[in-house]
Amino acid sequence: MPLLSLIIFVPWVGALLLAALPRIGDGAARVLTLIASLSTLALGLVALASFHPAAPGFQFVEQHDWIRSLNVHYHLGLDGMSLLLVLLTGIVSPAALLASWKQARSPRYFGLLFLALQGAALGVFLALDFFHWFIFWELSLVPAFFLIKLWGGPGAARAAYQFFIYTLAGSAFMLLGFAAIFAATGTLDFTQLARLAADGLLVEKLAAVSGFWPQAVFLGVLLGLAVKVPLFPFHTWLPPAYAEAPVGVSMFLTGVMSKMGVYGFLRILWPLFPAHLHAASGWLLCLALGGVVFGAFAAMRQTDLKRMVAYSSVNHLSYCLLALFAVSYSTGRIGFTVPASIAAFAGTLLQMFNHGLSAAALFLCVGILESRSGGRRGLGDFGGVRTAAPVFAGLCGITMFSSLGLPGLNGFVGEFLIFRGVFGLAPCTATIATLGLLATALFLLTFWQRVFHGPRAGAASREFRDVAGIELVALVPLVALMFLFGVLPHLLTNLFNPLVTSWVSHINPVVTTAQLPLP
Amino acid sequence: MTLSVQHLWLIPALPLLAAAIGALTPSGGRTLAASAAIAAMVAAFVLSCCALVAALADPTANLTYNFTWFDLGTGAVRLGWLLNPLTAFMCVMVTFVGTLIFVFSLGYMHDDENFTRFFCFLSLFAAAMLGIVVSNSLLFLFVSWELVGLASYLLIGFWFQKPEAAAAAKKAFITTRIGDLGLLLGMVWLYHARGTLLFFDGGAGVLEPASLTALMVSTLSCGLAVSTAISLLIFCGAVGKSGQFPLHVWLPDAMEGPTPVSALIHAATMVAAGVFLIARIYPLMEADYHHHNLPIHALTVVAFIGAITALMGALIAVAQNDIKRVLAFSTVSQLGFMMLAIGVGSWVAAIFHLLTHAFFKALLFLGAGSVIHAAHHEQDMRKLGGLSGPMRVTFLTFAVGMMALAGVPFLFSGFWSKEAILHAAHAWDVSHIPLYFGLTAVVLTAFYMTRLVAETFFGKPRSHAAGLAHENPAVMTVPLVILAACAILLSLLAWPTPWLQHQLDPQAHTEPGGLSLMMLSIVLVALGLGAGWALYGRLLRTNASAPDPLAAALPRLHAFLAARMMFDELYAATFGRLSNGLAALADGLDRYVWGGLVNLVARLGQFGGLVNREADEDGLNAGFDAVSRKVRSVGQIYSRAQTGETHGYLRVIALGFVVLVLLVMLGGVR
């Protein structure tokens, strides 16, 4: 059974069905969308059941000739990292759909675009050949653009255009880079390219074309990924896009799409260009640190709750990049140690998963607030919500504390491992990064205090329903998982521990540092 | 009966279970939530006693049980439980005091609509606090430490409708988190240096000799031993949690919470967690002590921070009018004493004082709670007065607590633990400044406590609420009586033989106390009591607005102390501004610099498009346009023929036909 193809294409089949059934009722369209979306979780669990974490390389591999003249293969594979992200997609997507369940306008089109987006994201996590990887990567932009523009808030058009153009511009450079790689090596297969890179041949072949090419290609790919994650200061598209998108789409964007960039860093940039990444890592470390600190402090300044949560995403994702860059930075230097690097990578993967969970839930909570206030979501538009809606306050509070890394909830373990790793590799960076932790606590507790505490005010001074029905169905599983993975992190770490161990053991300091082409 | 270390986790797990029950109980289930919480605490107390028996069987042993939390690389992140006398005494104290405070809360919170949630949070707190105590791993200790902070946050902000309570909760969380960031860094550093965070692990733990030697031997480029640096970072966490200078500012504000919370969390247990932490890792704190080439020793810093805190807290307490604030600053001061004791090398004295203080300070807070409850939430002592008659039990038990805190000789436990600390400070060979600070604080403590008792209980009621006050029901007074008995009986731990100190650290040689020092401190206590009585007891206040005699004598100093030495203002003007500035900078960078650059690129793109269009329009297209205009004009001429009228077409066709026929005919002629 081509399990991985099923994972990718079942949502697309759902989308096609919706397209083929123009007369389908709104309710039926919603249910169909949800079922197609849930398939990811079901199939992901099937994959999980027969997944062997300790087995090297990719599993469930599907490889077929596709375009023989271009040496393009249809190549899918799954390792601990992709499995983690498939499961994350499977969890976040249905929750996001439920969050937008009452979306009044044309649920058929909404579901169609959403499923298209979901399938594209899954394709990115499973494809192992740049050719269709890039197709998935770009295809994810189109439905996201329409979802933001057509169902978004008043500033949605501008935000959607900025999001689309900015990310597309970044990807264009990446495409050019891979065109050059293809010209030099004749293959676009990630595993083959990684092998070439590990032997130092990739850079050699690129340099044979022209001495300038390795750097140019590296920078092109870096730019494409940096915009996607986003790496500070390429993040300015993110707050408006997340803020203007409808709640379910914000959840998907932050929960799943933001992971595509980090995934690209780990799957493509780091294995293919270890030496270049190492050479640039000093600067990149500063940028990631900028994201950690400035992201959190900028969030303190926001009065729009969605923008605040969006900035907290910039902060949280920067931790992932901080850990990767710290490993790359220390490779071949005195500070490098294997346990610290393993901790950094394990922390990164955990953080990707946990941020997906917490940030999506946080957007959901803001969405619930918005639905009660007639679309307003300013920091000053509420007060005393905890009195009006105690259950909602409890769930939202747990989500917030998960986001600020409270031990016992999911966020802590990843952040602890990242700090443990980064401190071992680049101590000063870790020390400065703690400012981000402090600022995160500050703005989240300010959010909590202004909206939930004090006397009832603003939107909460009138009738204010507590969470119920579909909102609970969307929010409670996310919150339950926060507890589960906070107390039993081995459920996740066991999936990728052998993987990150082998990553670190395959770090080749000779290739990474000896052939530094940069001055 | 004894409790083996494998099952030590039951002690925190029981209250945690009660917290879960409390969380899932609807607000109507008051009896269920409260009885689950109290039953869990009682059971945990029994288990703690069993654990104590097990620990005292061999006081030198560190019984451990370690297990893997999750695998990481080829190793694993491991956690564990640790049972030794320190663990066991702390467990017994926390569960015993906790039980009494839970029972007291039955009465105190009786009318609160969120009664069940209160017991849920209290149980959560107890579970986390006990987690700190039983942990054999700095990581698990940190986990519990943060959860304790969460519970404290929830309970300070329990009356969250009050904006002050919400603000105080946030302030407490943020301030302690500042310290916790140091703790986090110290922890990851220790982990990085030693590859484990277990305290004891059969020779491989971080508190065992091999590890300590390694940490002490390696030095940083600034000359500091690694162990010193790690110790000081971890100490930051203790400074935040235990309200030490300069992070003490949150503790007085924390009094916005219900009074049982102040008694349990902000007097007896959580704030003592910092002291406990430093006592727990004492071998690490002390590792650099015999290394003479170092610029600074960790314990020296601890001693001076403790001394400053002890004196500062006592000074500020003198000028507070809110009963709970006086007690809060007194807690700050007493925690300073404990830190001072650890700093001068006697963690045993610190733990002794921690235990006695837990009892008598819980007693004082509950007594204050009893007063506040009876006086309809009036906390300003200037508006109370005359309560010794109507509130007999509260008054007598409060007086016991006051004398224990002031250090009235021989009968009261506070005297003995304070003596132990002063004695250790006297024996310290680095400096006597902490001793002098401590002695000054002793006078002040006796002074402000005398004032508190005189103002609250003597004279005439100075407000309507105070006039109506009457004694509380037994559910509130019985815990007071038990705690008062303990405040006295705990003297037995130190007298006639220093039993407790011997159990905690059998190696500690406790030479008999210097008699002259004891005499001096007794004189100082008498001085403080006398001065307090002279100023406040002899000339009783007659109405609430009458000026304070001290304020009349030293107005500027009094105002400075009443304003808590302006720390809040200082921090708002410095760190508050700094953080707001950083936020504005980050936001401004995004809006104007990065956003501006993106917009600039977009504008450039648009401009390029414009140029391109103009070139197309005026260059290329102009030629095409000219040609197509020509074609069009010709077409227009032709199109005139196309009128769309059938008659016209037929006419033309007929005409053409005629012409054609004519042509053929003419051709045929030729």
# chains A, B, ... in the order shown; residues from 1 in each chain; ligands from 1
>>> residues_around(residues="stretch 585-592 of chain B", least_positions_apart="5", cutoff="8 Å", atoms="only C-alpha atoms", output="count of residues only")
8
>>> residues_around(residues="A:Ala361", least_positions_apart="2", cutoff="8 Å", atoms="only C-alpha atoms", output="list in words")
Met251, Leu357, Ser358, Ala359, Phe363, Leu364, Cys365, Thr399, Leu475, Leu478 and Val479 of chain A
>>> write_last_selection(atoms="N, CA and C atoms", output="PDB file, in the first residue's frame")
ATOM      1  N   MET A 251      -4.409  29.187  12.316  1.00  0.00           N
ATOM      2  CA  MET A 251      -3.953  27.995  13.031  1.00  0.00           C
ATOM      3  C   MET A 251      -3.101  27.121  12.135  1.00  0.00           C
ATOM      4  N   LEU A 357       1.346  22.873  18.262  1.00  0.00           N
ATOM      5  CA  LEU A 357       0.207  22.613  19.133  1.00  0.00           C
ATOM      6  C   LEU A 357      -0.226  23.874  19.892  1.00  0.00           C
ATOM      7  N   SER A 358       0.733  24.505  20.565  1.00  0.00           N
ATOM      8  CA  SER A 358       0.388  25.618  21.458  1.00  0.00           C
ATOM      9  C   SER A 358      -0.052  26.844  20.674  1.00  0.00           C
ATOM     10  N   ALA A 359       0.683  27.169  19.607  1.00  0.00           N
ATOM     11  CA  ALA A 359       0.344  28.388  18.874  1.00  0.00           C
ATOM     12  C   ALA A 359      -1.004  28.234  18.188  1.00  0.00           C
ATOM     13  N   PHE A 363      -4.191  30.660  18.851  1.00  0.00           N
ATOM     14  CA  PHE A 363      -4.982  31.347  17.827  1.00  0.00           C
ATOM     15  C   PHE A 363      -6.457  30.970  17.944  1.00  0.00           C
ATOM     16  N   LEU A 364      -6.683  29.699  18.259  1.00  0.00           N
ATOM     17  CA  LEU A 364      -8.065  29.262  18.432  1.00  0.00           C
ATOM     18  C   LEU A 364      -8.733  30.052  19.559  1.00  0.00           C
ATOM     19  N   CYS A 365      -7.999  30.238  20.650  1.00  0.00           N
ATOM     20  CA  CYS A 365      -8.566  30.987  21.781  1.00  0.00           C
ATOM     21  C   CYS A 365      -8.869  32.424  21.375  1.00  0.00           C
ATOM     22  N   THR A 399      -3.192  26.851  27.729  1.00  0.00           N
ATOM     23  CA  THR A 399      -2.520  27.082  26.455  1.00  0.00           C
ATOM     24  C   THR A 399      -1.430  28.127  26.584  1.00  0.00           C
ATOM     25  N   LEU A 475     -10.737  22.467  20.939  1.00  0.00           N
ATOM     26  CA  LEU A 475      -9.726  22.945  21.890  1.00  0.00           C
ATOM     27  C   LEU A 475      -9.277  21.869  22.869  1.00  0.00           C
ATOM     28  N   LEU A 478      -6.361  19.476  21.943  1.00  0.00           N
ATOM     29  CA  LEU A 478      -5.070  20.168  21.914  1.00  0.00           C
ATOM     30  C   LEU A 478      -4.537  20.335  23.332  1.00  0.00           C
ATOM     31  N   VAL A 479      -5.426  20.758  24.240  1.00  0.00           N
ATOM     32  CA  VAL A 479      -5.000  20.975  25.625  1.00  0.00           C
ATOM     33  C   VAL A 479      -4.590  19.648  26.271  1.00  0.00           C
TER      34      VAL A 479
END
>>> interface_residues(of="chain B", to="chain A", cutoff="9 Å", atoms="only C-alpha atoms", output="number ranges by chain")
B: 69-75, 142-147, 150, 157, 159-167, 170, 173-174, 177-178, 181-182, 184-185, 187-189, 191-193, 195, 579-580, 582-591, 594-595, 598
>>> write_last_selection(atoms="C-alpha atoms", output="short mmCIF file (atom, residue, chain, number, x, y, z; two decimals), in the first residue's frame")
data_model
loop_
_atom_site.label_atom_id
_atom_site.label_comp_id
_atom_site.auth_asym_id
_atom_site.auth_seq_id
_atom_site.Cartn_x
_atom_site.Cartn_y
_atom_site.Cartn_z
CA TRP B 69 12.40 10.20 31.87
CA PHE B 70 13.28 9.97 28.19
CA ASP B 71 16.19 8.81 26.10
CA LEU B 72 18.41 11.41 24.56
CA GLY B 73 21.16 10.41 22.18
CA THR B 74 22.91 7.40 23.60
CA GLY B 75 22.17 8.55 27.14
CA PHE B 142 13.06 22.95 38.61
CA VAL B 143 9.85 21.50 37.18
CA SER B 144 8.23 21.52 40.61
CA TRP B 145 9.76 24.90 41.34
CA GLU B 146 8.01 26.43 38.34
CA LEU B 147 4.74 24.71 39.22
CA LEU B 150 2.25 28.81 38.97
CA GLY B 157 -4.59 36.35 41.90
CA TRP B 159 -9.56 37.32 43.74
CA PHE B 160 -8.75 38.20 40.17
CA GLN B 161 -11.65 40.58 39.83
CA LYS B 162 -9.59 42.96 41.95
CA PRO B 163 -7.12 44.67 39.61
CA GLU B 164 -4.52 44.92 42.43
CA ALA B 165 -4.63 41.17 42.96
CA ALA B 166 -4.24 40.50 39.23
CA ALA B 167 -1.32 42.91 39.06
CA LYS B 170 1.75 38.99 37.52
CA PHE B 173 5.43 35.52 38.52
CA ILE B 174 7.62 37.85 36.50
CA ARG B 177 10.97 34.26 36.74
CA ILE B 178 13.85 36.70 36.48
CA LEU B 181 16.27 32.38 34.33
CA GLY B 182 19.49 32.35 36.33
CA LEU B 184 17.77 27.70 34.28
CA LEU B 185 21.17 28.81 33.03
CA MET B 187 21.06 24.13 35.52
CA VAL B 188 21.92 23.79 31.84
CA TRP B 189 25.50 24.70 32.65
CA TYR B 191 24.08 19.57 32.92
CA HIS B 192 26.57 20.49 30.24
CA ALA B 193 29.52 20.21 32.60
CA GLY B 195 26.12 15.21 31.85
CA SER B 579 11.90 46.79 28.75
CA ASN B 580 9.37 49.23 27.34
CA LEU B 582 13.22 47.46 23.96
CA ALA B 583 9.64 46.69 23.04
CA ALA B 584 9.27 50.04 21.30
CA LEU B 585 12.55 49.46 19.52
CA ALA B 586 11.53 46.01 18.33
CA ASP B 587 8.18 47.25 17.16
CA GLY B 588 9.69 50.32 15.52
CA LEU B 589 12.30 48.24 13.73
CA ASP B 590 9.53 46.13 12.28
CA ARG B 591 7.29 48.97 11.29
CA TRP B 594 12.26 46.08 7.98
CA GLY B 595 8.76 46.94 6.87
CA VAL B 598 10.16 45.56 2.16
#
>>> residues_around(residues="B:Ser242", least_positions_apart="5", cutoff="7 Å", atoms="only C-alpha atoms", output="ChimeraX atom specification")
/B:271-275,335
>>> write_last_selection(atoms="N, CA and C atoms", output="compact mmCIF listing (two decimals), in the first residue's frame")
# COMPACT_ATOMS: atom_id res chain seq x y z
N VAL B 271 8.24 30.27 49.94
CA VAL B 271 9.34 31.22 50.01
C VAL B 271 10.56 30.60 50.67
N ALA B 272 10.31 29.53 51.44
CA ALA B 272 11.45 28.83 52.03
C ALA B 272 12.11 27.88 51.04
N ALA B 273 11.46 27.69 49.87
CA ALA B 273 12.01 26.75 48.90
C ALA B 273 13.39 27.18 48.43
N GLY B 274 13.62 28.50 48.34
CA GLY B 274 14.94 28.97 47.94
C GLY B 274 15.99 28.56 48.95
N VAL B 275 15.64 28.71 50.22
CA VAL B 275 16.57 28.31 51.28
C VAL B 275 16.81 26.80 51.20
N LEU B 335 13.78 35.25 56.10
CA LEU B 335 14.40 34.47 55.02
C LEU B 335 15.83 34.92 54.82
>>> residues_around(residues="stretch 173-176 of chain A", least_positions_apart="4", cutoff="6 Å", atoms="only C-alpha atoms", output="VMD selection string")
chain A and resid 220 to 221 224
>>> write_last_selection(atoms="C-alpha atoms", output="JSON list (two decimals), in the first residue's frame")
[["chain", "number", "residue", "atom", "x", "y", "z"],
["A", 220, "GLY", "CA", 19.37, 31.49, -2.82],
["A", 221, "VAL", "CA", 18.21, 28.45, -0.91],
["A", 224, "GLY", "CA", 13.84, 30.98, 0.25]]
>>> closest_residue(among="B:Ala319, B:Ile281, B:Ile421, B:Leu299", to="B:Ala563", atoms="only C-alpha atoms")
B:Ala319
>>> residues_around(residues="A:Phe464", least_positions_apart="4", cutoff="8 Å", atoms="only C-alpha atoms", output="list of chain:residue names")
A:Arg372, A:Ala388, A:Ala389, A:Ala459, A:Ala460
>>> closest_residue(among="A:Tyr311, A:Phe252, A:Trp133, A:Phe218", to="A:Leu269", atoms="only C-alpha atoms")
A:Phe218
